[in-house]
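Data file: run18.cif. Format and content: mmCIF, C-alpha atoms and all ligand atoms.
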```cif
data_target
#
loop_
_atom_site.group_PDB
_atom_site.id
_atom_site.type_symbol
_atom_site.label_atom_id
_atom_site.label_comp_id
_atom_site.auth_asym_id
_atom_site.auth_seq_id
_atom_site.Cartn_x
_atom_site.Cartn_y
_atom_site.Cartn_z
ATOM 1 C CA MET A 1 128.007 -82.356 145.095
ATOM 2 C CA LYS A 2 124.252 -81.976 145.566
ATOM 3 C CA TYR A 3 122.397 -84.976 144.189
ATOM 4 C CA ILE A 4 119.477 -87.382 144.388
ATOM 5 C CA PHE A 5 120.039 -91.128 144.533
ATOM 6 C CA LYS A 6 117.191 -93.573 143.976
ATOM 7 C CA GLU A 7 117.965 -97.215 144.313
ATOM 8 C CA GLY A 8 116.700 -99.508 141.560
ATOM 9 C CA SER A 9 117.314 -103.090 140.544
ATOM 10 C CA LYS A 10 120.861 -104.360 141.188
ATOM 11 C CA GLU A 11 120.771 -106.073 137.780
ATOM 12 C CA LYS A 12 120.340 -102.743 136.013
ATOM 13 C CA PRO A 13 122.770 -99.923 135.238
ATOM 14 C CA THR A 14 122.793 -96.733 137.297
ATOM 15 C CA LEU A 15 121.662 -93.746 135.251
ATOM 16 C CA LEU A 16 123.732 -90.630 135.899
ATOM 17 C CA LEU A 17 121.490 -87.640 135.101
ATOM 18 C CA LEU A 18 123.146 -84.350 134.155
ATOM 19 C CA HIS A 19 120.940 -81.302 133.580
ATOM 20 C CA GLY A 20 121.353 -78.336 131.223
ATOM 21 C CA THR A 21 122.352 -74.770 132.188
ATOM 22 C CA GLY A 22 119.956 -73.341 134.769
ATOM 23 C CA GLY A 23 118.584 -76.761 135.676
ATOM 24 C CA ASN A 24 118.985 -78.878 138.753
ATOM 25 C CA GLU A 25 118.985 -82.468 139.985
ATOM 26 C CA GLN A 26 115.166 -82.659 139.747
ATOM 27 C CA ASP A 27 114.974 -81.834 136.017
ATOM 28 C CA LEU A 28 115.799 -85.138 134.369
ATOM 29 C CA LEU A 29 114.221 -87.545 136.866
ATOM 30 C CA SER A 30 111.235 -88.234 134.611
ATOM 31 C CA LEU A 31 113.558 -88.632 131.613
ATOM 32 C CA GLY A 32 115.578 -91.257 133.512
ATOM 33 C CA ASN A 33 112.361 -92.993 134.452
ATOM 34 C CA MET A 34 111.274 -93.064 130.797
ATOM 35 C CA ILE A 35 114.574 -94.566 129.655
ATOM 36 C CA ASP A 36 114.614 -97.298 132.306
ATOM 37 C CA PRO A 37 112.120 -97.306 135.192
ATOM 38 C CA GLU A 38 113.963 -100.153 136.958
ATOM 39 C CA SER A 39 117.446 -98.667 137.024
ATOM 40 C CA SER A 40 119.053 -96.788 139.899
ATOM 41 C CA ILE A 41 119.206 -93.035 139.416
ATOM 42 C CA LEU A 42 122.021 -90.705 140.417
ATOM 43 C CA SER A 43 120.983 -87.182 139.491
ATOM 44 C CA VAL A 44 123.578 -84.488 140.156
ATOM 45 C CA ARG A 45 123.459 -80.702 140.333
ATOM 46 C CA GLY A 46 126.286 -78.803 138.623
ATOM 47 C CA ASN A 47 128.662 -77.139 141.087
ATOM 48 C CA VAL A 48 129.169 -73.892 139.152
ATOM 49 C CA LEU A 49 126.782 -70.928 139.172
ATOM 50 C CA GLU A 50 126.454 -68.546 136.218
ATOM 51 C CA ASN A 51 124.214 -65.631 137.216
ATOM 52 C CA GLY A 52 122.468 -67.951 139.630
ATOM 53 C CA MET A 53 122.117 -70.752 137.058
ATOM 54 C CA PRO A 54 123.711 -74.100 137.937
ATOM 55 C CA ARG A 55 126.162 -75.528 135.388
ATOM 56 C CA PHE A 56 128.736 -78.303 135.387
ATOM 57 C CA PHE A 57 131.697 -76.066 134.422
ATOM 58 C CA ARG A 58 132.405 -72.417 133.678
ATOM 59 C CA ARG A 59 132.287 -70.863 130.234
ATOM 60 C CA LEU A 60 133.917 -67.669 128.990
ATOM 61 C CA ALA A 61 131.078 -66.943 126.563
ATOM 62 C CA GLU A 62 128.263 -68.870 124.856
ATOM 63 C CA GLY A 63 129.906 -71.965 123.401
ATOM 64 C CA ILE A 64 133.423 -71.018 124.631
ATOM 65 C CA PHE A 65 134.423 -73.193 127.535
ATOM 66 C CA ASP A 66 136.811 -72.384 130.377
ATOM 67 C CA GLU A 67 139.065 -75.343 129.679
ATOM 68 C CA GLU A 68 140.885 -75.291 133.011
ATOM 69 C CA ASP A 69 137.580 -75.360 134.875
ATOM 70 C CA LEU A 70 136.215 -78.035 132.532
ATOM 71 C CA ILE A 71 139.171 -80.303 133.379
ATOM 72 C CA PHE A 72 138.858 -79.573 137.122
ATOM 73 C CA ARG A 73 135.079 -80.145 137.186
ATOM 74 C CA THR A 74 135.354 -83.305 135.101
ATOM 75 C CA LYS A 75 137.741 -84.766 137.678
ATOM 76 C CA GLU A 76 135.483 -83.595 140.491
ATOM 77 C CA LEU A 77 132.531 -85.451 138.931
ATOM 78 C CA TYR A 78 134.687 -88.510 138.207
ATOM 79 C CA ASP A 79 135.825 -88.650 141.861
ATOM 80 C CA PHE A 80 132.259 -88.076 143.032
ATOM 81 C CA LEU A 81 131.108 -91.134 141.044
ATOM 82 C CA ASP A 82 133.670 -93.294 142.859
ATOM 83 C CA GLU A 83 132.524 -91.970 146.254
ATOM 84 C CA ALA A 84 128.805 -92.254 145.470
ATOM 85 C CA ALA A 85 129.264 -95.864 144.285
ATOM 86 C CA LYS A 86 130.908 -96.751 147.617
ATOM 87 C CA GLU A 87 128.318 -94.903 149.667
ATOM 88 C CA HIS A 88 125.239 -96.235 147.870
ATOM 89 C CA GLY A 89 126.591 -99.628 146.845
ATOM 90 C CA PHE A 90 126.015 -99.414 143.097
ATOM 91 C CA ASP A 91 128.359 -100.921 140.511
ATOM 92 C CA ARG A 92 130.798 -98.182 139.492
ATOM 93 C CA ASN A 93 131.465 -100.042 136.243
ATOM 94 C CA ASN A 94 127.835 -99.960 135.212
ATOM 95 C CA VAL A 95 127.045 -96.233 135.067
ATOM 96 C CA ILE A 96 125.345 -94.751 132.001
ATOM 97 C CA ALA A 97 125.216 -90.987 131.691
ATOM 98 C CA ILE A 98 122.175 -89.174 130.343
ATOM 99 C CA GLY A 99 122.962 -85.521 129.806
ATOM 100 C CA TYR A 100 121.297 -82.593 128.132
ATOM 101 C CA SER A 101 123.223 -79.612 126.732
ATOM 102 C CA ASN A 102 125.715 -78.510 129.423
ATOM 103 C CA GLY A 103 125.123 -81.871 131.149
ATOM 104 C CA ALA A 104 125.833 -83.698 127.881
ATOM 105 C CA ASN A 105 129.034 -81.673 127.579
ATOM 106 C CA ILE A 106 130.377 -82.757 130.975
ATOM 107 C CA ALA A 107 129.384 -86.360 130.155
ATOM 108 C CA GLY A 108 131.306 -85.999 126.872
ATOM 109 C CA SER A 109 134.219 -84.604 128.858
ATOM 110 C CA LEU A 110 134.202 -87.676 131.145
ATOM 111 C CA LEU A 111 134.523 -89.815 127.992
ATOM 112 C CA PHE A 112 137.275 -87.567 126.599
ATOM 113 C CA HIS A 113 139.380 -87.711 129.775
ATOM 114 C CA TYR A 114 138.885 -91.092 131.461
ATOM 115 C CA GLU A 115 138.876 -94.681 130.316
ATOM 116 C CA ASN A 116 136.005 -96.570 131.981
ATOM 117 C CA ALA A 117 134.374 -93.416 133.384
ATOM 118 C CA LEU A 118 131.078 -94.534 131.847
ATOM 119 C CA ARG A 119 129.708 -97.787 130.489
ATOM 120 C CA GLY A 120 127.720 -95.800 127.984
ATOM 121 C CA ALA A 121 126.197 -92.386 127.396
ATOM 122 C CA ILE A 122 123.111 -90.709 126.006
ATOM 123 C CA LEU A 123 124.128 -87.219 124.957
ATOM 124 C CA HIS A 124 121.276 -84.861 124.097
ATOM 125 C CA HIS A 125 122.595 -81.897 122.080
ATOM 126 C CA PRO A 126 126.263 -82.137 123.091
ATOM 127 C CA MET A 127 129.204 -80.120 121.776
ATOM 128 C CA VAL A 128 132.852 -81.093 121.341
ATOM 129 C CA PRO A 129 134.126 -80.568 124.920
ATOM 130 C CA ARG A 130 137.820 -80.152 123.984
ATOM 131 C CA ARG A 131 139.959 -80.249 120.866
ATOM 132 C CA GLY A 132 143.537 -81.347 120.274
ATOM 133 C CA VAL A 133 143.629 -84.027 122.976
ATOM 134 C CA GLU A 134 144.098 -87.755 122.678
ATOM 135 C CA LEU A 135 141.034 -89.646 123.851
ATOM 136 C CA PRO A 136 141.289 -92.758 126.025
ATOM 137 C CA ASN A 137 140.386 -96.156 124.606
ATOM 138 C CA LEU A 138 136.582 -96.196 124.352
ATOM 139 C CA GLN A 139 136.317 -99.643 122.762
ATOM 140 C CA GLY A 140 132.930 -101.155 123.507
ATOM 141 C CA THR A 141 131.394 -97.951 124.902
ATOM 142 C CA PRO A 142 128.009 -97.261 123.288
ATOM 143 C CA VAL A 143 127.231 -93.566 122.824
ATOM 144 C CA PHE A 144 123.951 -92.086 121.577
ATOM 145 C CA ILE A 145 124.096 -88.522 120.250
ATOM 146 C CA GLY A 146 120.827 -86.630 119.837
ATOM 147 C CA ALA A 147 121.552 -83.695 117.555
ATOM 148 C CA GLY A 148 119.693 -80.896 115.819
ATOM 149 C CA GLU A 149 120.165 -80.189 112.110
ATOM 150 C CA ASN A 150 119.303 -76.594 112.990
ATOM 151 C CA ASP A 151 120.667 -76.405 116.553
ATOM 152 C CA PRO A 152 121.911 -72.807 117.012
ATOM 153 C CA ILE A 153 124.123 -73.792 119.991
ATOM 154 C CA CYS A 154 125.687 -76.882 118.408
ATOM 155 C CA PRO A 155 125.963 -76.730 114.591
ATOM 156 C CA SER A 156 125.429 -80.037 112.790
ATOM 157 C CA GLN A 157 129.076 -80.236 111.700
ATOM 158 C CA GLU A 158 130.122 -80.091 115.367
ATOM 159 C CA SER A 159 127.770 -82.995 116.187
ATOM 160 C CA ILE A 160 129.407 -84.987 113.374
ATOM 161 C CA GLU A 161 132.881 -83.947 114.596
ATOM 162 C CA LEU A 162 132.010 -85.237 118.084
ATOM 163 C CA GLN A 163 130.739 -88.516 116.679
ATOM 164 C CA THR A 164 133.934 -88.925 114.630
ATOM 165 C CA LEU A 165 136.233 -88.181 117.595
ATOM 166 C CA LEU A 166 134.401 -90.707 119.801
ATOM 167 C CA ALA A 167 134.240 -93.333 117.034
ATOM 168 C CA ASN A 168 137.970 -92.915 116.323
ATOM 169 C CA ALA A 169 138.602 -93.735 120.002
ATOM 170 C CA GLY A 170 136.614 -96.958 119.570
ATOM 171 C CA ALA A 171 133.192 -95.902 120.878
ATOM 172 C CA ASP A 172 130.138 -97.469 119.270
ATOM 173 C CA THR A 173 128.311 -94.278 118.253
ATOM 174 C CA ASP A 174 124.832 -93.605 116.941
ATOM 175 C CA ILE A 175 123.585 -90.198 115.918
ATOM 176 C CA HIS A 176 119.900 -89.263 115.827
ATOM 177 C CA TRP A 177 118.843 -86.078 114.010
ATOM 178 C CA GLU A 178 115.969 -83.761 114.828
ATOM 179 C CA ARG A 179 114.897 -80.390 113.463
ATOM 180 C CA PHE A 180 113.862 -78.574 116.634
ATOM 181 C CA GLY A 181 116.937 -76.478 117.327
ATOM 182 C CA HIS A 182 118.485 -77.134 120.741
ATOM 183 C CA GLN A 183 115.257 -78.564 122.176
ATOM 184 C CA LEU A 184 114.968 -82.022 123.627
ATOM 185 C CA THR A 185 111.863 -83.496 122.017
ATOM 186 C CA MET A 186 109.834 -86.588 122.890
ATOM 187 C CA SER A 187 110.797 -88.245 119.594
ATOM 188 C CA GLU A 188 114.476 -87.848 120.503
ATOM 189 C CA VAL A 189 113.791 -89.399 123.927
ATOM 190 C CA GLU A 190 111.947 -92.285 122.225
ATOM 191 C CA ALA A 191 114.930 -92.845 119.926
ATOM 192 C CA ALA A 192 117.271 -92.826 122.950
ATOM 193 C CA LYS A 193 115.038 -95.339 124.700
ATOM 194 C CA GLU A 194 115.103 -97.708 121.698
ATOM 195 C CA TRP A 195 118.874 -97.347 121.532
ATOM 196 C CA TYR A 196 119.173 -98.065 125.281
ATOM 197 C CA LYS A 197 117.021 -101.208 125.002
ATOM 198 C CA LYS A 198 119.247 -102.469 122.196
ATOM 199 C CA HIS A 199 122.485 -101.960 124.142
ATOM 200 C CA PHE A 200 121.729 -102.609 127.838
HETATM 201 C C1 LIG B 1 127.485 -75.169 127.343
HETATM 202 O O1 LIG B 1 127.859 -74.099 127.772
HETATM 203 O O2 LIG B 1 127.726 -76.246 127.899
HETATM 204 C C2 LIG B 1 126.717 -75.148 126.086
HETATM 205 O O3 LIG B 1 126.759 -73.888 125.517
HETATM 206 C C3 LIG B 1 125.317 -75.576 126.280
HETATM 207 C C4 LIG B 1 124.600 -74.703 127.239
HETATM 208 O O4 LIG B 1 124.071 -73.665 126.835
HETATM 209 O O5 LIG B 1 124.567 -75.026 128.398
#
```
Starting from the coordinates I provided, produce the structure as structure tokens.
Ligand code: MLT
Amino acid sequence: MKYIFKEGSKEKPTLLLLHGTGGNEQDLLSLGNMIDPESSILSVRGNVLENGMPRFFRRLAEGIFDEEDLIFRTKELYDFLDEAAKEHGFDRNNVIAIGYSNGANIAGSLLFHYENALRGAILHHPMVPRRGVELPNLQGTPVFIGAGENDPICPSQESIELQTLLANAGADTDIHWERFGHQLTMSEVEAAKEWYKKHF
């Protein structure tokens, strides 16, 4: 996978940055820096192209995911994290994902499919990645969900559904509401930063 790694303090988590559709590994670097300027950064580019726009997995239509590809790409990212930890010497058990939109969806999918994939996650405007599957034990995994009351891509009831599914698997979830559609606003980033300081 194409990525940027920046080494930070060994005492700090590694922030896994996952961009939205049409983004790349440069997009969220300043966001990562705002959340924790001392942490290591692993910022990854999605391996799938949709009309030239990078994504983390294929979709059949807006909001309808190609489930087979989602499962394949989730494993690909999971395996990549193991390899990157060996190569760059960061603690694989101390990785916190920060994802926006499509990037939040693959981060959610890591949580849905693997126990201990992530120590925690900040999900900006995520959707429910899959339905009808049993989630692994997520006891003690803090998850921040930034959601929009009027998000046209992820309706508010889907944000609540995601929170419920994660909480039922034991995750320690917090949901933060905004009213700016699917946009990632500075006040949402500030809320995520406060949440991060409380948990890590
Ligand atoms: C997705 O496909 O992951 C969601 O619709 C969000 C996005 O537009 O990327």
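Once the PyMOL selection byres (((chain A and resi 91) around 12) and not hetatm) is applied to the shown structure, the selection contains Glu7, Gly8, Ser9, Lys10, Glu11, Lys12, Pro13, Thr14, Leu15, Ser39, Ser40, Leu81, Asp82, Glu83, Ala84, Ala85, Lys86, Glu87, His88, Gly89, Phe90, Arg92, Asn93, Asn94, Val95, Ile96, Ala117, Leu118 and Arg119 of chain A.
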Within 8 Å of ligand LIG 1 (chain B), counting all atoms listed in the file, which protein or nucleic acid residues do you find, written as an NGL selection string?
:A and (20-21 or 55-59 or 61-65 or 101-106 or 126-127 or 153-154)
Determine the residue membership of the PyMOL selection byres (((chain A and resi 151) around 12) and not hetatm) for the file above and supply it as a PyMOL selection string.
chain A and resi 101+124-127+146-150+152-159+177-184
Residues matched by the PyMOL selection byres (((chain A and resi 111) around 10) and not hetatm), written as a PyMOL selection string
chain A and resi 74+105-110+112-121+129+135-138+141+143+166+169+171
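Between CA of Asn24 (chain A) and CA of Lys75 (chain A) the separation is 19.7 Å.
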Please, can region 113-130 of chain A be completed to N, CA and C atoms and returned as an mmCIF file, keeping the file's coordinate frame?
```cif
data_model
loop_
_atom_site.group_PDB
_atom_site.id
_atom_site.type_symbol
_atom_site.label_atom_id
_atom_site.label_comp_id
_atom_site.auth_asym_id
_atom_site.auth_seq_id
_atom_site.Cartn_x
_atom_site.Cartn_y
_atom_site.Cartn_z
ATOM 1 N N HIS A 113 138.257 -87.760 128.839
ATOM 2 C CA HIS A 113 139.380 -87.711 129.775
ATOM 3 C C HIS A 113 139.673 -89.016 130.508
ATOM 4 N N TYR A 114 138.687 -89.898 130.633
ATOM 5 C CA TYR A 114 138.885 -91.092 131.461
ATOM 6 C C TYR A 114 138.415 -92.353 130.760
ATOM 7 N N GLU A 115 139.281 -93.371 130.794
ATOM 8 C CA GLU A 115 138.876 -94.681 130.316
ATOM 9 C C GLU A 115 137.968 -95.268 131.403
ATOM 10 N N ASN A 116 136.918 -95.938 131.011
ATOM 11 C CA ASN A 116 136.005 -96.570 131.981
ATOM 12 C C ASN A 116 135.280 -95.605 132.916
ATOM 13 N N ALA A 117 135.173 -94.343 132.556
ATOM 14 C CA ALA A 117 134.374 -93.416 133.384
ATOM 15 C C ALA A 117 132.908 -93.817 133.303
ATOM 16 N N LEU A 118 132.482 -94.225 132.098
ATOM 17 C CA LEU A 118 131.078 -94.534 131.847
ATOM 18 C C LEU A 118 130.976 -95.818 131.043
ATOM 19 N N ARG A 119 129.930 -96.586 131.315
ATOM 20 C CA ARG A 119 129.708 -97.787 130.489
ATOM 21 C C ARG A 119 129.052 -97.413 129.170
ATOM 22 N N GLY A 120 128.360 -96.289 129.186
ATOM 23 C CA GLY A 120 127.720 -95.800 127.984
ATOM 24 C C GLY A 120 127.193 -94.407 128.243
ATOM 25 N N ALA A 121 126.697 -93.747 127.194
ATOM 26 C CA ALA A 121 126.197 -92.386 127.396
ATOM 27 C C ALA A 121 125.130 -92.046 126.374
ATOM 28 N N ILE A 122 124.121 -91.326 126.869
ATOM 29 C CA ILE A 122 123.111 -90.709 126.006
ATOM 30 C C ILE A 122 123.357 -89.212 126.084
ATOM 31 N N LEU A 123 123.773 -88.638 124.977
ATOM 32 C CA LEU A 123 124.128 -87.219 124.957
ATOM 33 C C LEU A 123 123.094 -86.468 124.128
ATOM 34 N N HIS A 124 122.275 -85.656 124.798
ATOM 35 C CA HIS A 124 121.276 -84.861 124.097
ATOM 36 C C HIS A 124 121.853 -83.476 123.808
ATOM 37 N N HIS A 125 122.093 -83.197 122.539
ATOM 38 C CA HIS A 125 122.595 -81.897 122.080
ATOM 39 C C HIS A 125 123.951 -81.514 122.694
ATOM 40 N N PRO A 126 124.925 -82.424 122.567
ATOM 41 C CA PRO A 126 126.263 -82.137 123.091
ATOM 42 C C PRO A 126 127.106 -81.341 122.104
ATOM 43 N N MET A 127 128.192 -80.779 122.614
ATOM 44 C CA MET A 127 129.204 -80.120 121.776
ATOM 45 C C MET A 127 130.511 -80.909 121.911
ATOM 46 N N VAL A 128 131.524 -80.496 121.166
ATOM 47 C CA VAL A 128 132.852 -81.093 121.341
ATOM 48 C C VAL A 128 133.442 -80.436 122.596
ATOM 49 N N PRO A 129 133.704 -81.216 123.671
ATOM 50 C CA PRO A 129 134.126 -80.568 124.920
ATOM 51 C C PRO A 129 135.526 -79.959 124.846
ATOM 52 N N ARG A 130 136.441 -80.653 124.130
ATOM 53 C CA ARG A 130 137.820 -80.152 123.984
ATOM 54 C C ARG A 130 138.353 -80.597 122.644
#
```
